[in-house]
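Q: Provided below: structure.txt, containing compact mmCIF, C-alpha atoms.
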# COMPACT_ATOMS: atom_id res chain seq x y z
CA MET A 1 8.22 14.46 4.64
CA SER A 2 4.51 14.56 5.13
CA TYR A 3 3.06 11.51 6.76
CA PRO A 4 1.98 9.10 5.46
CA GLN A 5 4.60 9.09 2.75
CA PRO A 6 3.19 9.06 -0.79
CA THR A 7 3.44 5.62 -2.33
CA GLY A 8 4.19 4.28 -5.75
CA SER A 9 1.12 2.06 -5.62
CA GLY A 10 -0.94 5.13 -4.82
CA ALA A 11 0.37 6.70 -8.02
CA VAL A 12 -0.66 3.59 -9.97
CA LEU A 13 -4.12 3.61 -8.45
CA SER A 14 -4.55 7.25 -9.40
CA ASN A 15 -3.67 6.48 -13.03
CA ALA A 16 -0.41 8.40 -12.91
CA LEU A 17 2.41 7.48 -15.26
CA ILE A 18 5.10 8.61 -12.83
CA PHE A 19 5.68 8.39 -9.12
CA ARG A 20 7.24 11.58 -7.85
CA LEU A 21 8.71 11.81 -4.38
CA ARG A 22 9.44 15.40 -3.45
CA THR A 23 10.24 16.40 0.09
CA GLU A 24 12.46 18.58 2.17
CA LEU A 25 15.40 16.66 3.57
CA SER A 26 15.18 16.94 7.32
CA SER A 27 18.11 14.78 8.31
CA PRO A 28 21.05 13.13 6.52
CA GLY A 29 19.74 9.70 7.43
CA ASP A 30 16.34 9.96 5.75
CA ILE A 31 15.45 6.86 3.71
CA TYR A 32 12.42 6.73 1.46
CA GLU A 33 10.79 3.84 -0.37
CA SER A 34 8.67 2.85 -3.30
CA ASP A 35 6.47 -0.23 -3.41
CA GLU A 36 6.15 0.02 -7.18
CA GLY A 37 8.40 -1.05 -10.03
CA GLY A 38 9.70 1.58 -12.42
CA LEU A 39 11.21 1.65 -15.89
CA ALA A 40 13.53 4.57 -15.13
CA LEU A 41 14.75 6.62 -12.19
CA ALA A 42 15.69 10.25 -12.59
CA ILE A 43 16.35 13.34 -10.52
CA GLY A 44 13.25 15.49 -10.16
CA PRO A 45 13.29 19.07 -11.39
CA ASP A 46 13.26 20.62 -7.92
CA SER A 47 15.97 18.48 -6.39
CA ASP A 48 18.81 20.19 -4.55
CA ILE A 49 20.34 16.82 -3.82
CA ALA A 50 22.43 15.86 -6.85
CA ASN A 51 23.28 12.22 -6.16
CA ILE A 52 20.62 9.80 -5.01
CA ARG A 53 21.35 6.27 -3.97
CA PHE A 54 18.83 3.50 -4.57
CA ALA A 55 18.65 -0.12 -3.48
CA TYR A 56 16.45 -2.98 -4.59
CA PHE A 57 15.87 -6.63 -3.86
CA ASP A 58 18.24 -8.72 -5.98
CA PRO A 59 18.29 -12.52 -5.56
CA GLN A 60 21.61 -12.66 -7.40
CA SER A 61 23.38 -10.67 -4.72
CA SER A 62 24.73 -12.41 -1.63
CA THR A 63 23.09 -9.71 0.49
CA LEU A 64 19.92 -9.88 -1.64
CA MET A 65 20.31 -6.15 -2.17
CA THR A 66 21.94 -4.20 -4.97
CA THR A 67 22.52 -0.47 -4.93
CA GLY A 68 23.15 2.21 -7.53
CA THR A 69 23.26 5.97 -7.98
CA PHE A 70 21.49 8.35 -10.30
CA SER A 71 22.23 12.03 -10.73
CA PRO A 72 21.58 14.98 -13.04
CA GLN A 73 24.24 13.56 -15.35
CA ARG A 74 23.03 9.99 -15.30
CA ALA A 75 19.49 8.71 -14.99
CA PHE A 76 19.01 5.00 -14.44
CA VAL A 77 17.07 3.36 -17.25
CA GLY A 78 15.74 -0.17 -16.94
CA LEU A 79 13.13 -2.09 -15.01
CA VAL A 80 13.73 -2.04 -11.29
CA ALA A 81 11.04 -4.19 -9.67
CA SER A 82 9.94 -3.53 -6.13
CA GLN A 83 9.53 -7.27 -5.33
CA ASN A 84 6.99 -6.68 -2.59
CA THR A 85 6.28 -10.38 -2.28
CA ALA A 86 9.92 -11.26 -1.57
CA ASP A 87 11.37 -11.04 1.92
CA TYR A 88 14.79 -10.07 3.13
CA PRO A 89 15.60 -13.26 5.06
CA THR A 90 16.72 -12.17 8.50
CA ALA A 91 14.43 -9.24 9.12
CA LYS A 92 11.56 -10.69 7.04
CA ARG A 93 10.98 -7.26 5.64
CA PRO A 94 9.26 -7.14 2.24
CA GLY A 95 11.20 -6.13 -0.82
CA ARG A 96 11.07 -2.44 -1.62
CA ILE A 97 13.01 0.08 -3.68
CA LEU A 98 14.81 2.35 -1.22
CA PHE A 99 16.11 5.84 -1.83
CA TRP A 100 18.38 8.12 0.15
CA ALA A 101 20.64 11.09 -0.45
CA ASP A 102 24.17 10.19 -1.45
CA ASP A 103 25.22 13.75 -0.67
CA ILE A 104 25.93 14.69 2.91
CA TYR A 105 23.75 17.18 4.74
CA ASP A 106 24.38 18.50 8.21
CA PRO A 107 21.47 20.52 9.61
CA ASN A 108 23.56 21.19 12.73
CA TYR A 109 26.37 22.88 10.84
CA VAL A 110 27.73 26.04 12.44
CA PRO A 111 30.08 28.19 10.36
CA SER A 112 33.56 28.38 11.81
CA GLY A 113 34.27 31.61 13.59
CA ALA A 114 30.61 32.31 14.19
CA ALA A 115 30.26 34.71 17.06
CA PRO A 116 28.09 33.72 20.03
CA GLY A 117 24.54 34.74 19.33
CA SER A 118 24.90 34.38 15.59
CA THR A 119 21.95 32.87 13.81
CA VAL A 120 22.20 30.33 11.00
CA GLN A 121 19.30 29.91 8.63
CA PHE A 122 19.21 26.81 6.44
CA ILE A 123 17.44 26.51 3.16
CA PRO A 124 16.53 22.82 3.53
CA PRO A 125 17.62 20.82 0.50
CA ILE A 126 14.80 19.38 -1.58
CA PHE A 127 14.90 15.67 -2.28
CA ASP A 128 13.05 15.12 -5.54
CA ILE A 129 12.99 11.93 -7.59
CA VAL A 130 10.86 10.70 -10.46
CA GLN A 131 10.13 7.03 -10.97
CA TYR A 132 8.72 6.30 -14.42
CA LEU A 133 5.90 3.76 -14.26
CA SER A 134 5.66 3.63 -18.06
CA THR A 135 8.25 3.81 -20.79
CA PRO A 136 9.89 7.25 -20.64
CA THR A 137 9.81 9.01 -23.98
CA ALA A 138 12.73 11.26 -23.10
CA LEU A 139 14.95 11.79 -20.11
CA THR A 140 16.37 15.24 -19.49
CA PRO A 141 17.79 14.83 -16.03
CA ALA A 142 19.68 18.14 -15.85
CA ARG A 143 18.01 20.32 -13.28
CA PRO A 144 16.60 23.73 -14.10
CA ASP A 145 18.48 26.75 -12.80
CA LYS A 146 17.44 27.78 -9.32
CA LYS A 147 17.15 31.32 -8.07
CA TYR A 148 16.98 32.53 -4.49
CA LEU A 149 16.15 36.06 -3.48
CA PHE A 150 16.71 37.28 0.08
CA GLN A 151 15.62 40.79 0.96
CA ASN A 152 15.12 41.75 4.58
CA TYR A 153 16.68 39.44 7.11
CA THR A 154 17.81 39.33 10.67
CA THR A 155 20.01 36.28 10.44
CA THR A 156 23.81 36.19 10.37
CA TYR A 157 24.33 33.28 8.00
CA PHE A 158 22.37 31.73 5.16
CA VAL A 159 23.17 28.17 4.17
CA VAL A 160 22.02 27.50 0.61
CA PRO A 161 22.26 24.02 -0.98
CA TYR A 162 24.65 23.84 -3.92
CA TYR A 163 25.05 20.09 -4.47
CA GLY A 164 26.27 19.28 -7.96
CA ARG A 165 25.96 22.82 -9.22
CA LYS A 166 28.66 24.09 -11.55
CA TYR A 167 27.91 27.78 -11.72
CA ALA A 168 26.47 30.56 -9.58
CA TYR A 169 25.86 34.24 -10.15
CA ILE A 170 25.50 36.19 -6.92
CA GLN A 171 24.72 39.85 -6.42
CA TYR A 172 24.43 41.67 -3.14
CA THR A 173 23.58 45.31 -2.61
CA ASN A 174 23.63 47.21 0.66
CA ARG A 175 20.43 49.22 0.61
CA ASN A 176 21.11 50.93 3.90
CA ALA A 177 21.65 54.54 2.93
CA THR A 178 23.91 55.41 5.84
CA ASN A 179 25.58 52.34 7.35
CA PRO A 180 27.93 49.80 5.81
CA SER A 181 26.98 46.14 6.04
CA THR A 182 29.01 42.99 6.37
CA TYR A 183 28.97 40.49 3.52
CA GLY A 184 30.94 37.36 2.70
CA ILE A 185 30.63 33.99 0.93
CA ARG A 186 32.18 30.66 1.70
CA GLY A 187 31.73 27.24 0.12
CA VAL A 188 31.33 24.23 2.37
CA ASN A 189 31.78 20.53 1.77
CA PHE A 190 30.22 18.55 4.58
CA ALA A 191 31.84 15.62 6.31
CA ILE A 192 30.33 12.94 8.48
CA THR A 193 30.90 14.22 11.98
CA ASN A 194 29.52 14.25 15.47
CA SER A 195 26.52 16.50 15.28
CA ALA A 196 26.65 17.30 18.97
CA GLY A 197 30.14 18.72 18.97
CA PRO A 198 32.16 21.16 16.93
CA THR A 199 32.43 20.50 13.22
CA PRO A 200 36.15 20.50 12.44
CA TYR A 201 35.79 18.03 9.59
CA HIS A 202 33.66 20.19 7.36
CA GLN A 203 35.77 21.93 4.74
CA GLU A 204 35.21 25.64 4.20
CA THR A 205 36.56 27.64 1.29
CA THR A 206 36.43 31.42 1.46
CA ILE A 207 35.06 32.76 -1.80
CA VAL A 208 34.44 36.34 -0.72
CA ALA A 209 36.06 37.31 2.56
CA ALA A 210 33.61 38.91 4.95
CA ALA A 211 34.08 42.68 4.74
CA ALA A 212 32.15 45.91 4.92
CA VAL A 213 30.05 46.94 1.94
CA ALA A 214 29.47 50.67 1.64
CA PRO A 215 25.94 52.08 1.53
CA ASN A 216 24.30 51.48 -1.85
CA ALA A 217 27.34 49.56 -3.08
CA SER A 218 27.02 46.18 -4.77
CA VAL A 219 29.17 43.08 -4.81
CA THR A 220 28.84 40.70 -7.74
CA THR A 221 30.41 37.26 -7.64
CA VAL A 222 30.53 34.47 -10.20
CA ILE A 223 31.38 30.99 -8.95
CA THR A 224 32.45 28.34 -11.42
CA ALA A 225 33.49 24.76 -10.86
CA LYS A 226 36.73 25.44 -12.68
CA ASN A 227 37.79 28.51 -10.72
CA GLN A 228 36.32 28.10 -7.25
CA GLY A 229 35.38 24.43 -7.04
CA CYS A 230 32.32 22.39 -6.19
CA PHE A 231 30.52 22.61 -2.87
CA ASP A 232 27.67 21.04 -0.94
CA CYS A 233 26.40 24.44 0.07
CA LEU A 234 27.16 28.14 -0.10
CA VAL A 235 27.19 30.10 3.12
CA PHE A 236 26.43 33.80 3.05
CA GLN A 237 27.44 35.98 5.94
CA VAL A 238 25.41 39.17 6.21
CA SER A 239 24.67 41.79 8.80
CA ASP A 240 21.17 42.82 9.66
CA ASN A 241 20.83 45.64 7.22
CA PRO A 242 18.29 45.50 4.40
CA GLY A 243 19.97 44.38 1.24
CA PRO A 244 18.77 42.26 -1.64
CA LEU A 245 20.84 39.17 -2.20
CA VAL A 246 20.24 37.22 -5.41
CA VAL A 247 21.69 33.78 -5.93
CA LEU A 248 21.26 32.10 -9.33
CA MET A 249 22.77 28.64 -9.71
CA SER A 250 23.00 26.24 -12.61
CA ASP A 251 24.08 22.70 -13.41
CA VAL A 252 25.81 24.01 -16.53
CA ASP A 253 29.21 25.58 -16.07
CA GLN A 254 28.77 28.94 -17.78
CA GLY A 255 32.39 29.86 -17.30
CA MET B 1 -42.70 10.87 -44.37
CA GLN B 2 -40.81 10.86 -41.12
CA ALA B 3 -37.14 10.01 -41.25
CA PRO B 4 -36.16 6.84 -39.44
CA GLN B 5 -35.01 7.45 -35.92
CA PRO B 6 -31.71 6.14 -34.57
CA ALA B 7 -32.02 2.81 -32.89
CA THR B 8 -32.23 3.07 -29.14
CA THR B 9 -31.73 -0.57 -28.38
CA PHE B 10 -28.31 -1.83 -27.37
CA ALA B 11 -26.55 -4.93 -28.51
CA GLU B 12 -27.31 -8.18 -26.82
CA SER B 13 -25.23 -8.41 -23.69
CA ALA B 14 -23.57 -11.54 -25.03
CA ASN B 15 -22.29 -9.55 -27.97
CA GLN B 16 -21.15 -6.50 -26.10
CA ILE B 17 -17.51 -5.63 -26.00
CA GLN B 18 -16.06 -5.27 -22.53
CA LEU B 19 -13.42 -2.73 -21.63
CA PHE B 20 -11.99 -2.41 -18.17
CA THR B 21 -8.79 -1.87 -16.27
CA TYR B 22 -7.65 -4.65 -14.01
CA THR B 23 -5.50 -3.65 -11.06
CA THR B 24 -3.26 -6.36 -9.71
CA ARG B 25 -2.57 -6.69 -6.02
CA ALA B 26 0.83 -7.02 -4.39
CA ILE B 27 0.26 -10.53 -3.12
CA PRO B 28 2.04 -13.80 -3.91
CA ASP B 29 -1.23 -15.53 -4.88
CA THR B 30 -2.45 -16.02 -8.42
CA GLN B 31 -5.36 -13.74 -9.28
CA THR B 32 -8.15 -14.30 -11.80
CA LEU B 33 -7.94 -11.72 -14.57
CA TYR B 34 -10.72 -12.92 -16.88
CA ASN B 35 -13.31 -15.69 -16.80
CA ALA B 36 -14.60 -16.85 -20.19
CA ASP B 37 -17.40 -18.89 -18.72
CA ARG B 38 -20.01 -17.84 -21.27
CA GLN B 39 -18.48 -17.76 -24.70
CA TRP B 40 -15.39 -17.53 -26.82
CA ALA B 41 -13.65 -14.18 -26.78
CA ARG B 42 -10.63 -12.38 -28.10
CA VAL B 43 -8.95 -10.78 -25.09
CA THR B 44 -6.37 -8.02 -25.52
CA LEU B 45 -4.18 -7.27 -22.51
CA THR B 46 -1.96 -4.22 -22.27
CA LEU B 47 0.21 -3.53 -19.25
CA THR B 48 0.27 0.21 -18.61
CA THR B 49 2.69 0.18 -15.68
CA ALA B 50 6.19 -1.15 -15.23
CA GLY B 51 5.44 -4.65 -13.99
CA PRO B 52 6.67 -7.31 -13.77
CA VAL B 53 3.44 -9.16 -14.45
CA GLN B 54 2.88 -12.68 -15.71
CA VAL B 55 -0.33 -14.06 -17.17
CA GLY B 56 -1.23 -17.64 -17.90
CA GLU B 57 -4.00 -20.21 -18.04
CA LYS B 58 -2.94 -22.15 -14.93
CA GLN B 59 -4.76 -21.53 -11.71
CA ASP B 60 -1.50 -21.46 -9.79
CA LEU B 61 1.17 -19.50 -11.59
CA GLY B 62 3.55 -19.69 -8.65
CA ASN B 63 5.73 -16.68 -8.04
CA ILE B 64 6.56 -14.03 -10.58
CA THR B 65 9.74 -15.81 -11.69
CA ALA B 66 8.31 -19.34 -11.86
CA GLY B 67 7.85 -19.20 -15.62
CA GLN B 68 4.33 -20.62 -15.48
CA GLY B 69 2.99 -17.79 -17.64
CA VAL B 70 4.19 -15.13 -20.05
CA SER B 71 5.41 -11.67 -19.09
CA LEU B 72 3.49 -8.63 -20.20
CA GLN B 73 5.67 -5.82 -21.51
CA THR B 74 4.68 -2.24 -20.81
CA GLY B 75 2.62 -0.81 -23.64
CA VAL B 76 2.75 -3.98 -25.76
CA PRO B 77 -0.70 -5.53 -26.37
CA VAL B 78 -1.03 -9.27 -26.04
CA VAL B 79 -3.97 -10.87 -27.84
CA LEU B 80 -5.41 -14.13 -26.57
CA ASP B 81 -8.24 -16.16 -28.08
CA VAL B 82 -9.93 -17.68 -25.08
CA ALA B 83 -12.28 -20.61 -25.50
CA ARG B 84 -15.42 -20.90 -23.43
CA GLY B 85 -14.76 -22.33 -20.00
CA ASN B 86 -11.21 -21.09 -19.78
CA ARG B 87 -9.77 -18.41 -17.55
CA ILE B 88 -6.82 -16.06 -17.61
CA PHE B 89 -4.82 -15.75 -14.42
CA VAL B 90 -2.24 -13.19 -13.39
CA VAL B 91 0.50 -12.89 -10.81
CA ALA B 92 2.35 -9.69 -9.90
CA GLY B 93 4.72 -8.50 -7.24
CA ALA B 94 3.22 -5.03 -7.02
CA VAL B 95 0.14 -3.02 -7.88
CA ASN B 96 -0.11 -2.79 -11.66
CA ARG B 97 -2.66 -1.67 -14.21
CA ILE B 98 -3.71 -3.90 -17.09
CA SER B 99 -6.04 -2.63 -19.79
CA VAL B 100 -8.43 -5.39 -20.81
CA VAL B 101 -10.51 -5.46 -24.00
CA VAL B 102 -12.83 -8.43 -24.41
CA ALA B 103 -14.32 -8.89 -27.87
CA PRO B 104 -16.81 -11.77 -27.84
CA TYR B 105 -17.06 -14.33 -30.63
CA PRO B 106 -20.82 -15.07 -30.70
CA TRP B 107 -20.64 -16.40 -34.27
CA LEU B 108 -17.90 -18.77 -33.23
CA GLU B 109 -20.27 -20.07 -30.61
CA VAL B 110 -22.91 -20.68 -33.28
CA ILE B 111 -20.44 -22.40 -35.57
CA THR B 112 -19.19 -24.57 -32.77
CA GLY B 113 -22.76 -25.53 -31.87
CA SER B 114 -23.61 -26.34 -35.48
CA VAL B 115 -20.51 -28.45 -35.90
CA MET B 116 -21.27 -30.31 -32.70
CA ARG B 117 -24.86 -30.96 -33.79
CA LEU B 118 -23.61 -32.19 -37.15
CA VAL B 119 -21.11 -34.46 -35.49
CA SER B 120 -23.74 -35.86 -33.16
CA ARG B 121 -26.06 -36.57 -36.12
CA ILE B 122 -23.28 -38.32 -38.02
CA VAL B 123 -22.33 -40.32 -35.00
CA GLY B 124 -25.95 -41.12 -34.25
CA SER B 125 -26.90 -42.24 -37.76
Let me see whether you can do it: turn the structure in this file into structure tokens.
A:
Amino acid sequence: MSYPQPTGSGAVLSNALIFRLRTELSSPGDIYESDEGGLALAIGPDSDIANIRFAYFDPQSSTLMTTGTFSPQRAFVGLVASQNTADYPTAKRPGRILFWADDIYDPNYVPSGAAPGSTVQFIPPIFDIVQYLSTPTALTPARPDKKYLFQNYTTTYFVVPYYGRKYAYIQYTNRNATNPSTYGIRGVNFAITNSAGPTPYHQETTIVAAAAVAPNASVTTVITAKNQGCFDCLVFQVSDNPGPLVVLMSDVDQG
Amino acid sequence: MQAPQPATTFAESANQIQLFTYTTRAIPDTQTLYNADRQWARVTLTLTTAGPVQVGEKQDLGNITAGQGVSLQTGVPVVLDVARGNRIFVVAGAVNRISVVVAPYPWLEVITGSVMRLVSRIVGS
């Protein structure tokens, strides 16, 4: 997140009709805020995070705070006021609308069985929300398909966010004319765990077992929610040969 | 014969329509939205953000839930006929935009003055 964080009131002062908060998620504990009321909350088009939790000042709640979730399947429609002039009683902090990822992200994840010296490259998940400052004419919260293309790389593992996705089409080709390359896919569901130690609580599902791919050979894989399951991220194991790897993912189960 | 040229003089300032956008502040205090200190006017208020915002004629509207004013709904114009000497106040819990259109009633001012003169003559006779 760039600092200072963009504000809802800044959006109002610039005559915008929406407040959009789009940032890379740097840690699983990131919490963002809006000091502006909105008539609807929806997932932004670039969001990799599928479920976003929000909280607002609510005098009817014993904790003075009520929470909810919105996702690609369910936007939240209705006035949520920021209540800047109200205070949470013990901390005396002003009322705000708070947002955080309801999906788990572990930037310290290390794939099981990774050899010493292996490198893990994360594609940081994008946290993207839209707060409607005026009446929304239409809400189409489903995210657009997202496509990643990796070409030349020197890393051992790619970790690609897959939160809430239902379908992926993946194609890998070994463009090394003489040597085979290693290639494999696993799906991971993160757990809350001690980031300093090993990560035995994360669940890994082998989708394509790591194996040699012959020169100029291709491997095509289709992942569906029905057949393989749903994952927080996809992990690609590759060797350091040049080889285009295309990953196309969708919220709609094409299977 | 030369054609008549367009008029280059503007309306009297008292008759001019006023259009502006009022931006509320996120403070608990009541703020003055419009001051009709000169003449009668028809004031149209339209909230263009989410709110909540309350407007009223009292100088202290209290907090946003005190019920001392009326709520503006997003995109719904509210028309108020404001007599001379009155004010419109607003309270909001966040920064909000309110479109304000002030259409003066100069003829109403004349009528009011004539009626008052007539009344004073009747009373004085």
Q: Which chain B residues have any atom within 8 Å of an atom of chain A, and for each, what is the nearest pair of atoms with distance in Å to one decimal, counting only C-alpha atoms, rows sorted by chain and number, as a tab-separated table?
A:
residue	atom	partner	partner_atom	distance
B:Thr23	CA	A:Leu13	CA	7.8
B:Ala26	CA	A:Asn84	CA	6.4
B:Ile27	CA	A:Thr85	CA	6.1
B:Pro28	CA	A:Thr85	CA	5.7
B:Thr48	CA	A:Ser134	CA	6.4
B:Thr49	CA	A:Leu133	CA	5.0
B:Ala50	CA	A:Leu133	CA	5.0
B:Gly51	CA	A:Gly37	CA	6.1
B:Pro52	CA	A:Ala81	CA	6.8
B:Thr74	CA	A:Ser134	CA	6.6
B:Gly75	CA	A:Ser134	CA	7.8
B:Gly93	CA	A:Gln83	CA	5.3
B:Ala94	CA	A:Glu36	CA	5.8
B:Val95	CA	A:Ser9	CA	5.6
B:Asn96	CA	A:Val12	CA	6.6
B:Arg97	CA	A:Val12	CA	7.0
Q: Just write the chosen residues, C-alpha atoms, as a tab-separated table (two decimals), in the frame of the given file.
A:
chain	number	residue	atom	x	y	z
B	23	THR	CA	-5.50	-3.65	-11.06
B	26	ALA	CA	0.83	-7.02	-4.39
B	27	ILE	CA	0.26	-10.53	-3.12
B	28	PRO	CA	2.04	-13.80	-3.91
B	48	THR	CA	0.27	0.21	-18.61
B	49	THR	CA	2.69	0.18	-15.68
B	50	ALA	CA	6.19	-1.15	-15.23
B	51	GLY	CA	5.44	-4.65	-13.99
B	52	PRO	CA	6.67	-7.31	-13.77
B	74	THR	CA	4.68	-2.24	-20.81
B	75	GLY	CA	2.62	-0.81	-23.64
B	93	GLY	CA	4.72	-8.50	-7.24
B	94	ALA	CA	3.22	-5.03	-7.02
B	95	VAL	CA	0.14	-3.02	-7.88
B	96	ASN	CA	-0.11	-2.79	-11.66
B	97	ARG	CA	-2.66	-1.67	-14.21
Q: Rounded to one decimal place, report the CA of Val91 in chain B-CA of Lys92 in chain A distance in Å.
A: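 Computed distance, CA of Val91 in chain B to CA of Lys92 in chain A, equals 21.1 Å.
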Q: Which residues, written as a VMD selection string, have at least one atom at most 6 Å from Ala36 in chain B, with all atoms listed in the file counted and residues fewer than 5 positions away on the same chain left out?
A: chain B and resid 84 to 87
Q: Neighbouring residues of Leu41 in chain A were defined as those with any atom within 6 Å, considering only C-alpha atoms; residues of the same chain fewer than 2 positions away were excluded. Please report them as a PyMOL selection string.
A: chain A and resi 75-76+130-131
Q: Can you tell me how far CA of Ile31 in chain A sits from CA of Tyr163 in chain A, in Å to one decimal?
A: 18.3 Å
Q: Leaving out Gly62 in chain B and any residue of its chain fewer than 3 positions from it, which residues lie within 12 Å of it when counting only C-alpha atoms, given as a VMD selection string?
A: (chain A and resid 85) or (chain B and resid 27 to 31 54 to 56 58 to 59 65 to 69 89 to 93)
Q: Just write the chosen residues, C-alpha atoms, as a short mmCIF file (atom, residue, chain, number, x, y, z; two decimals), keeping the file's coordinate frame.
A:
data_model
loop_
_atom_site.label_atom_id
_atom_site.label_comp_id
_atom_site.auth_asym_id
_atom_site.auth_seq_id
_atom_site.Cartn_x
_atom_site.Cartn_y
_atom_site.Cartn_z
CA THR A 85 6.28 -10.38 -2.28
CA ILE B 27 0.26 -10.53 -3.12
CA PRO B 28 2.04 -13.80 -3.91
CA ASP B 29 -1.23 -15.53 -4.88
CA THR B 30 -2.45 -16.02 -8.42
CA GLN B 31 -5.36 -13.74 -9.28
CA GLN B 54 2.88 -12.68 -15.71
CA VAL B 55 -0.33 -14.06 -17.17
CA GLY B 56 -1.23 -17.64 -17.90
CA LYS B 58 -2.94 -22.15 -14.93
CA GLN B 59 -4.76 -21.53 -11.71
CA THR B 65 9.74 -15.81 -11.69
CA ALA B 66 8.31 -19.34 -11.86
CA GLY B 67 7.85 -19.20 -15.62
CA GLN B 68 4.33 -20.62 -15.48
CA GLY B 69 2.99 -17.79 -17.64
CA PHE B 89 -4.82 -15.75 -14.42
CA VAL B 90 -2.24 -13.19 -13.39
CA VAL B 91 0.50 -12.89 -10.81
CA ALA B 92 2.35 -9.69 -9.90
CA GLY B 93 4.72 -8.50 -7.24
#
Q: Between CA of Thr24 in chain B and CA of Pro104 in chain B, what is the spacing in Å?
A: 23.3 Å
Q: So that I can check the surroundings of range 149-153 of chain A, please list as a list in words every protein, DNA and RNA residue that reaches within 8 Å of it, counting only C-alpha atoms and ignoring chain neighbours fewer than 2 positions away.
A: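 The residues satisfying every condition are Lys147, Thr155, Asp240, Asn241, Pro242, Gly243, Pro244, Leu245, Val246 and Val247 of chain A.
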Q: N, CA and C atoms are needed for range 231-246 of chain A; please write them out as a PDB file, keeping the file's coordinate frame.
A:
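Once written, result-v1.pdb looks like this:
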ATOM      1  N   PHE A 231      30.832  22.567  -4.289  1.00  0.00           N
ATOM      2  CA  PHE A 231      30.520  22.610  -2.870  1.00  0.00           C
ATOM      3  C   PHE A 231      29.155  21.973  -2.603  1.00  0.00           C
ATOM      4  N   ASP A 232      28.980  21.539  -1.366  1.00  0.00           N
ATOM      5  CA  ASP A 232      27.670  21.040  -0.940  1.00  0.00           C
ATOM      6  C   ASP A 232      26.715  22.203  -0.687  1.00  0.00           C
ATOM      7  N   CYS A 233      27.265  23.290  -0.176  1.00  0.00           N
ATOM      8  CA  CYS A 233      26.400  24.440   0.070  1.00  0.00           C
ATOM      9  C   CYS A 233      27.237  25.714   0.018  1.00  0.00           C
ATOM     10  N   LEU A 234      26.544  26.810  -0.185  1.00  0.00           N
ATOM     11  CA  LEU A 234      27.160  28.140  -0.100  1.00  0.00           C
ATOM     12  C   LEU A 234      26.648  28.793   1.180  1.00  0.00           C
ATOM     13  N   VAL A 235      27.551  29.444   1.873  1.00  0.00           N
ATOM     14  CA  VAL A 235      27.190  30.100   3.120  1.00  0.00           C
ATOM     15  C   VAL A 235      27.408  31.605   2.951  1.00  0.00           C
ATOM     16  N   PHE A 236      26.361  32.347   3.193  1.00  0.00           N
ATOM     17  CA  PHE A 236      26.430  33.800   3.050  1.00  0.00           C
ATOM     18  C   PHE A 236      26.405  34.423   4.428  1.00  0.00           C
ATOM     19  N   GLN A 237      27.399  35.253   4.675  1.00  0.00           N
ATOM     20  CA  GLN A 237      27.440  35.980   5.940  1.00  0.00           C
ATOM     21  C   GLN A 237      26.977  37.412   5.673  1.00  0.00           C
ATOM     22  N   VAL A 238      25.975  37.837   6.415  1.00  0.00           N
ATOM     23  CA  VAL A 238      25.410  39.170   6.210  1.00  0.00           C
ATOM     24  C   VAL A 238      25.173  39.808   7.572  1.00  0.00           C
ATOM     25  N   SER A 239      25.099  41.113   7.586  1.00  0.00           N
ATOM     26  CA  SER A 239      24.670  41.790   8.800  1.00  0.00           C
ATOM     27  C   SER A 239      23.207  42.151   8.647  1.00  0.00           C
ATOM     28  N   ASP A 240      22.624  42.705   9.660  1.00  0.00           N
ATOM     29  CA  ASP A 240      21.170  42.820   9.660  1.00  0.00           C
ATOM     30  C   ASP A 240      20.664  44.092   9.002  1.00  0.00           C
ATOM     31  N   ASN A 241      21.327  44.504   7.964  1.00  0.00           N
ATOM     32  CA  ASN A 241      20.830  45.640   7.220  1.00  0.00           C
ATOM     33  C   ASN A 241      20.003  45.161   6.045  1.00  0.00           C
ATOM     34  N   PRO A 242      19.028  45.939   5.581  1.00  0.00           N
ATOM     35  CA  PRO A 242      18.290  45.500   4.400  1.00  0.00           C
ATOM     36  C   PRO A 242      19.192  45.501   3.176  1.00  0.00           C
ATOM     37  N   GLY A 243      19.145  44.452   2.447  1.00  0.00           N
ATOM     38  CA  GLY A 243      19.970  44.380   1.240  1.00  0.00           C
ATOM     39  C   GLY A 243      19.576  43.193   0.417  1.00  0.00           C
ATOM     40  N   PRO A 244      19.131  43.401  -0.796  1.00  0.00           N
ATOM     41  CA  PRO A 244      18.770  42.260  -1.640  1.00  0.00           C
ATOM     42  C   PRO A 244      19.985  41.413  -1.985  1.00  0.00           C
ATOM     43  N   LEU A 245      19.802  40.129  -1.856  1.00  0.00           N
ATOM     44  CA  LEU A 245      20.840  39.170  -2.200  1.00  0.00           C
ATOM     45  C   LEU A 245      20.225  38.180  -3.175  1.00  0.00           C
ATOM     46  N   VAL A 246      20.749  38.124  -4.375  1.00  0.00           N
ATOM     47  CA  VAL A 246      20.240  37.220  -5.410  1.00  0.00           C
ATOM     48  C   VAL A 246      21.267  36.145  -5.651  1.00  0.00           C
TER      49      VAL A 246
END
